[in-house]
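J.: Please see the structure below; I have some questions.
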Amino acid sequence: MPQKSDLKGIICAVVTPLRAGRPDLYNLQRLVTTLKDEGIDGILLLGTTGEGPSFSVAEREVIILAAKEVSGGLTVHAGTGFASLTDTIDATRRAFEIGVDSVVVIWGSTD
């Protein structure tokens, strides 16, 4: 996993295309391929676009797998935060097993 200092270049937040309310993996892969061909350095899936909470742990897994499949030399970062701590841990663990370079988790405090 990269250290903070290893993050560099342009990391693009990627929207997940949908078809009939489900992740459209074909068009996701087309988008990632286009971004890669245009010279970005990395992608952020399920992150700052605000869509992450709309997908289950299983859906996030297939989205990350599909993007990783065509990512080539891009760094891949993924949003893995859920309202449920258990789901957050499961999604984070699985994302790293798939091979993401980092995860984005929203942390709240009651202080």
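Ordering of the structure tokens sets the chain letters (A, B, ...); residue numbers start at 1 within each chain; ligands are numbered from 1 in the order shown.
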Taking 5 positions as the minimum chain separation for residues in the same chain, which residues sit within 9 Å of stretch 24-27 of chain A when counting only C-alpha atoms? Answer as a list in words.
T.: Thr16, Pro17, Leu18, Arg19, Val32, Val62, Ile63, Ala66 and Ala67 of chain A
J.: Keeping only C-alpha atoms, take the residues you just selected and write them out as an mmCIF file, in the first residue's frame.
T.:
```cif
data_model
loop_
_atom_site.group_PDB
_atom_site.id
_atom_site.type_symbol
_atom_site.label_atom_id
_atom_site.label_comp_id
_atom_site.auth_asym_id
_atom_site.auth_seq_id
_atom_site.Cartn_x
_atom_site.Cartn_y
_atom_site.Cartn_z
ATOM 1 C CA THR A 16 -20.385 4.691 -11.497
ATOM 2 C CA PRO A 17 -22.635 4.412 -14.556
ATOM 3 C CA LEU A 18 -25.979 2.714 -13.947
ATOM 4 C CA ARG A 19 -28.341 0.774 -16.179
ATOM 5 C CA VAL A 32 -11.766 4.023 -16.686
ATOM 6 C CA VAL A 62 -17.923 -5.949 -8.367
ATOM 7 C CA ILE A 63 -17.434 -2.248 -9.175
ATOM 8 C CA ALA A 66 -14.373 -4.291 -12.906
ATOM 9 C CA ALA A 67 -12.332 -1.092 -12.622
#
```
J.: At a cut-off of 7 Å, using only C-alpha atoms, what residues contact A:Asp87? Leave out same-chain residues fewer than 4 positions from it and give the result as number ranges by chain.
T.: A: 57, 82, 91
J.: What's around A:Ala95 at 10 Å? Count only C-alpha atoms, leave out sequence neighbours fewer than 5 positions away in its own chain, and write the answer as a list in words.
T.: Val57, Arg60, Glu61, Ile64, Leu65, Val76, His77, Ala78, Gly79, Thr80, Ile89, Asp90, Val100, Asp101, Ser102 and Val103 of chain A
J.: Could you save those same residues with N, CA and C atoms as a compact mmCIF listing (two decimals), in the first residue's frame?
T.:
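So out.txt came out as:
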```
# COMPACT_ATOMS: atom_id res chain seq x y z
N VAL A 57 -22.16 -3.90 -0.02
CA VAL A 57 -20.79 -4.41 0.01
C VAL A 57 -20.51 -5.22 -1.24
N ARG A 60 -20.24 -2.96 -4.34
CA ARG A 60 -18.96 -2.24 -4.35
C ARG A 60 -17.84 -3.16 -4.79
N GLU A 61 -17.89 -4.41 -4.36
CA GLU A 61 -16.85 -5.36 -4.75
C GLU A 61 -16.79 -5.53 -6.27
N ILE A 64 -15.34 -2.40 -7.95
CA ILE A 64 -13.89 -2.30 -7.80
C ILE A 64 -13.19 -3.33 -8.69
N LEU A 65 -13.70 -4.56 -8.71
CA LEU A 65 -13.11 -5.61 -9.56
C LEU A 65 -13.12 -5.21 -11.03
N VAL A 76 -5.55 2.85 -7.78
CA VAL A 76 -6.99 2.69 -7.59
C VAL A 76 -7.30 2.89 -6.11
N HIS A 77 -8.22 3.80 -5.85
CA HIS A 77 -8.64 4.17 -4.50
C HIS A 77 -10.15 3.96 -4.45
N ALA A 78 -10.67 3.54 -3.29
CA ALA A 78 -12.09 3.23 -3.21
C ALA A 78 -12.70 3.68 -1.89
N GLY A 79 -13.91 4.17 -1.99
CA GLY A 79 -14.69 4.50 -0.80
C GLY A 79 -15.27 3.23 -0.21
N THR A 80 -14.98 2.99 1.07
CA THR A 80 -15.45 1.75 1.71
C THR A 80 -16.23 2.02 3.00
N ILE A 89 -15.66 -2.47 7.78
CA ILE A 89 -14.50 -3.36 7.93
C ILE A 89 -14.48 -4.40 6.82
N ASP A 90 -15.63 -5.02 6.54
CA ASP A 90 -15.71 -6.03 5.48
C ASP A 90 -15.35 -5.44 4.12
N VAL A 100 -6.71 -2.57 -4.16
CA VAL A 100 -6.72 -1.11 -4.20
C VAL A 100 -5.48 -0.57 -3.49
N ASP A 101 -5.12 0.65 -3.85
CA ASP A 101 -3.95 1.29 -3.25
C ASP A 101 -4.28 2.00 -1.95
N SER A 102 -5.53 2.46 -1.82
CA SER A 102 -5.96 3.10 -0.58
C SER A 102 -7.49 3.10 -0.54
N VAL A 103 -8.01 3.41 0.64
CA VAL A 103 -9.46 3.52 0.79
C VAL A 103 -9.79 4.88 1.40
```
J.: Which is closer to A:Pro23 than all the others in A:Glu97, A:Leu44, A:Glu59, A:Gly9, using only C-alpha atoms?
T.: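 That would be A:Glu59, the residue with the smallest distance to A:Pro23.
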J.: Could you tell me how far atom CA of A:Gly72 lies from atom CA of A:Gly52, in Å and to one decimal?
T.: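 We find that atom CA of A:Gly72 and atom CA of A:Gly52 lie 23.0 Å from each other.
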J.: So, counting only C-alpha atoms, which residue among A:Gly73, A:Arg93, A:Ile106, A:Gly81 is closest to A:Thr33?
T.: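 That would be A:Gly73, the residue with the smallest distance to A:Thr33.
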J.: Can you tell me which residues surround A:Ile40 at a distance of at most 7 Å, considering only C-alpha atoms, apart from same-chain residues fewer than 4 positions away, and format the answer as a ChimeraX atom specification?
T.: /A:10-11,35-36
J.: So that I have them on file, write out the residues from the current selection with N, CA and C atoms, as a short mmCIF file (atom, residue, chain, number, x, y, z; two decimals), in the first residue's frame.
T.:
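Below you can see part-v5.cif, which holds the result:
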```
data_model
loop_
_atom_site.label_atom_id
_atom_site.label_comp_id
_atom_site.auth_asym_id
_atom_site.auth_seq_id
_atom_site.Cartn_x
_atom_site.Cartn_y
_atom_site.Cartn_z
N ILE A 10 -2.75 13.28 -10.89
CA ILE A 10 -4.18 13.52 -10.99
C ILE A 10 -4.93 12.24 -10.64
N ILE A 11 -5.73 12.31 -9.57
CA ILE A 11 -6.58 11.19 -9.18
C ILE A 11 -8.01 11.66 -9.40
N LEU A 35 -10.20 7.48 -19.19
CA LEU A 35 -9.43 8.30 -18.26
C LEU A 35 -7.95 7.92 -18.29
N LYS A 36 -7.69 6.62 -18.31
CA LYS A 36 -6.30 6.14 -18.38
C LYS A 36 -5.64 6.63 -19.67
#
```
J.: Between A:Lys68, A:Phe55, A:Leu28, A:Arg22, which one has atoms that come closest to A:Phe96, using only C-alpha atoms?
T.: A:Lys68
J.: I'd like the interatomic distance between atom CA of A:Ala83 and atom CA of A:Cys12, to a tenth of an Å.
T.: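 Between atom CA of A:Ala83 and atom CA of A:Cys12 the gap is 24.5 Å.
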J.: DSSP on the backbone: which residues in chain A end up as helix (DSSP H, G or I)? Give the answer as a PyMOL selection string.
T.: chain A and resi 4-6+25-37+52-54+57-70+85-98
J.: Write out the residues from the selection above, keeping N, CA and C atoms, as a CSV table (one decimal), in the first residue's frame.
T.:
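Listing of result-v1.csv after writing:
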```csv
chain,number,residue,atom,x,y,z
A,4,LYS,N,1.4,8.0,2.3
A,4,LYS,CA,0.8,9.3,2.0
A,4,LYS,C,1.7,10.0,1.0
A,5,SER,N,3.0,9.9,1.1
A,5,SER,CA,3.8,10.7,0.2
A,5,SER,C,3.9,10.1,-1.2
A,6,ASP,N,3.4,8.8,-1.3
A,6,ASP,CA,3.4,8.2,-2.7
A,6,ASP,C,2.2,8.7,-3.5
A,25,LEU,N,-21.2,-2.2,-15.5
A,25,LEU,CA,-19.8,-2.5,-15.5
A,25,LEU,C,-19.1,-2.2,-16.8
A,26,TYR,N,-19.8,-2.5,-17.9
A,26,TYR,CA,-19.2,-2.3,-19.2
A,26,TYR,C,-18.9,-0.8,-19.4
A,27,ASN,N,-19.8,0.1,-19.2
A,27,ASN,CA,-19.5,1.5,-19.3
A,27,ASN,C,-18.6,2.0,-18.3
A,28,LEU,N,-18.6,1.4,-17.1
A,28,LEU,CA,-17.5,1.8,-16.1
A,28,LEU,C,-16.2,1.5,-16.6
A,29,GLN,N,-16.0,0.3,-17.2
A,29,GLN,CA,-14.7,0.0,-17.8
A,29,GLN,C,-14.3,0.9,-18.9
A,30,ARG,N,-15.3,1.3,-19.7
A,30,ARG,CA,-15.0,2.2,-20.8
A,30,ARG,C,-14.5,3.5,-20.3
A,31,LEU,N,-15.2,4.0,-19.2
A,31,LEU,CA,-14.8,5.3,-18.6
A,31,LEU,C,-13.4,5.2,-18.0
A,32,VAL,N,-13.1,4.2,-17.3
A,32,VAL,CA,-11.8,4.0,-16.7
A,32,VAL,C,-10.7,4.0,-17.8
A,33,THR,N,-11.0,3.2,-18.9
A,33,THR,CA,-10.0,3.1,-20.0
A,33,THR,C,-9.8,4.5,-20.6
A,34,THR,N,-10.9,5.3,-20.8
A,34,THR,CA,-10.8,6.6,-21.4
A,34,THR,C,-9.9,7.5,-20.5
A,35,LEU,N,-10.2,7.5,-19.2
A,35,LEU,CA,-9.4,8.3,-18.3
A,35,LEU,C,-7.9,7.9,-18.3
A,36,LYS,N,-7.7,6.6,-18.3
A,36,LYS,CA,-6.3,6.1,-18.4
A,36,LYS,C,-5.6,6.6,-19.7
A,37,ASP,N,-6.3,6.5,-20.8
A,37,ASP,CA,-5.8,6.9,-22.1
A,37,ASP,C,-5.5,8.4,-22.1
A,52,GLY,N,-21.3,6.2,-3.0
A,52,GLY,CA,-20.9,5.0,-2.3
A,52,GLY,C,-22.0,4.4,-1.4
A,53,PRO,N,-22.7,5.2,-0.6
A,53,PRO,CA,-23.8,4.6,0.3
A,53,PRO,C,-24.9,4.0,-0.5
A,54,SER,N,-25.0,4.3,-1.8
A,54,SER,CA,-26.1,3.7,-2.6
A,54,SER,C,-25.9,2.2,-2.9
A,57,VAL,N,-22.2,-3.9,0.0
A,57,VAL,CA,-20.8,-4.4,0.0
A,57,VAL,C,-20.5,-5.2,-1.2
A,58,ALA,N,-21.4,-6.1,-1.6
A,58,ALA,CA,-21.3,-6.9,-2.8
A,58,ALA,C,-21.2,-6.1,-4.1
A,59,GLU,N,-22.0,-5.1,-4.2
A,59,GLU,CA,-22.0,-4.2,-5.4
A,59,GLU,C,-20.7,-3.5,-5.5
A,60,ARG,N,-20.2,-3.0,-4.3
A,60,ARG,CA,-19.0,-2.2,-4.4
A,60,ARG,C,-17.8,-3.2,-4.8
A,61,GLU,N,-17.9,-4.4,-4.4
A,61,GLU,CA,-16.8,-5.4,-4.8
A,61,GLU,C,-16.8,-5.5,-6.3
A,62,VAL,N,-17.9,-5.7,-6.9
A,62,VAL,CA,-17.9,-5.9,-8.4
A,62,VAL,C,-17.5,-4.7,-9.1
A,63,ILE,N,-17.9,-3.5,-8.6
A,63,ILE,CA,-17.4,-2.2,-9.2
A,63,ILE,C,-15.9,-2.1,-9.1
A,64,ILE,N,-15.3,-2.4,-8.0
A,64,ILE,CA,-13.9,-2.3,-7.8
A,64,ILE,C,-13.2,-3.3,-8.7
A,65,LEU,N,-13.7,-4.6,-8.7
A,65,LEU,CA,-13.1,-5.6,-9.6
A,65,LEU,C,-13.1,-5.2,-11.0
A,66,ALA,N,-14.3,-4.7,-11.5
A,66,ALA,CA,-14.4,-4.3,-12.9
A,66,ALA,C,-13.4,-3.2,-13.2
A,67,ALA,N,-13.3,-2.2,-12.4
A,67,ALA,CA,-12.3,-1.1,-12.6
A,67,ALA,C,-10.9,-1.6,-12.6
A,68,LYS,N,-10.5,-2.4,-11.6
A,68,LYS,CA,-9.2,-2.9,-11.5
A,68,LYS,C,-8.8,-3.7,-12.7
A,69,GLU,N,-9.7,-4.4,-13.3
A,69,GLU,CA,-9.5,-5.2,-14.5
A,69,GLU,C,-8.9,-4.4,-15.7
A,70,VAL,N,-9.3,-3.2,-15.8
A,70,VAL,CA,-8.8,-2.3,-16.9
A,70,VAL,C,-8.0,-1.2,-16.5
A,85,LEU,N,-20.3,-0.3,11.1
A,85,LEU,CA,-18.8,-0.5,11.2
A,85,LEU,C,-18.5,-1.9,10.7
A,86,THR,N,-19.3,-2.9,10.9
A,86,THR,CA,-19.0,-4.2,10.4
A,86,THR,C,-18.9,-4.2,8.8
A,87,ASP,N,-19.8,-3.5,8.2
A,87,ASP,CA,-19.8,-3.4,6.7
A,87,ASP,C,-18.6,-2.6,6.3
A,88,THR,N,-18.2,-1.6,7.0
A,88,THR,CA,-17.0,-0.8,6.7
A,88,THR,C,-15.8,-1.7,6.7
A,89,ILE,N,-15.7,-2.5,7.8
A,89,ILE,CA,-14.5,-3.4,7.9
A,89,ILE,C,-14.5,-4.4,6.8
A,90,ASP,N,-15.6,-5.0,6.5
A,90,ASP,CA,-15.7,-6.0,5.5
A,90,ASP,C,-15.3,-5.4,4.1
A,91,ALA,N,-15.9,-4.3,3.8
A,91,ALA,CA,-15.7,-3.7,2.5
A,91,ALA,C,-14.2,-3.2,2.4
A,92,THR,N,-13.6,-2.7,3.5
A,92,THR,CA,-12.2,-2.3,3.4
A,92,THR,C,-11.3,-3.5,3.3
A,93,ARG,N,-11.6,-4.5,4.0
A,93,ARG,CA,-10.8,-5.7,3.9
A,93,ARG,C,-10.8,-6.3,2.5
A,94,ARG,N,-12.0,-6.3,1.9
A,94,ARG,CA,-12.2,-6.9,0.6
A,94,ARG,C,-11.5,-6.0,-0.5
A,95,ALA,N,-11.6,-4.7,-0.3
A,95,ALA,CA,-11.0,-3.8,-1.3
A,95,ALA,C,-9.5,-4.0,-1.3
A,96,PHE,N,-8.9,-4.1,-0.2
A,96,PHE,CA,-7.4,-4.4,-0.1
A,96,PHE,C,-7.1,-5.8,-0.7
A,97,GLU,N,-7.9,-6.7,-0.5
A,97,GLU,CA,-7.7,-8.1,-1.1
A,97,GLU,C,-7.7,-8.0,-2.6
A,98,ILE,N,-8.6,-7.2,-3.1
A,98,ILE,CA,-8.7,-7.0,-4.6
A,98,ILE,C,-7.5,-6.2,-5.1
```
J.: So that I can check the secondary structure, give me every residue of chain A assigned strand (DSSP E or B) by backbone DSSP, as a list of chain:residue names.
T.: A:Ile11, A:Cys12, A:Ala13, A:Val14, A:Leu18, A:Arg19, A:Arg22, A:Pro23, A:Gly42, A:Ile43, A:Leu44, A:Leu45, A:Thr75, A:Val76, A:His77, A:Ala78, A:Gly79, A:Ser102, A:Val103, A:Val104
J.: With distances taken over only C-alpha atoms, which residue among A:Gly21, A:Lys8, A:Gly50, A:Leu74 lies nearest A:Glu38?
T.: A:Leu74
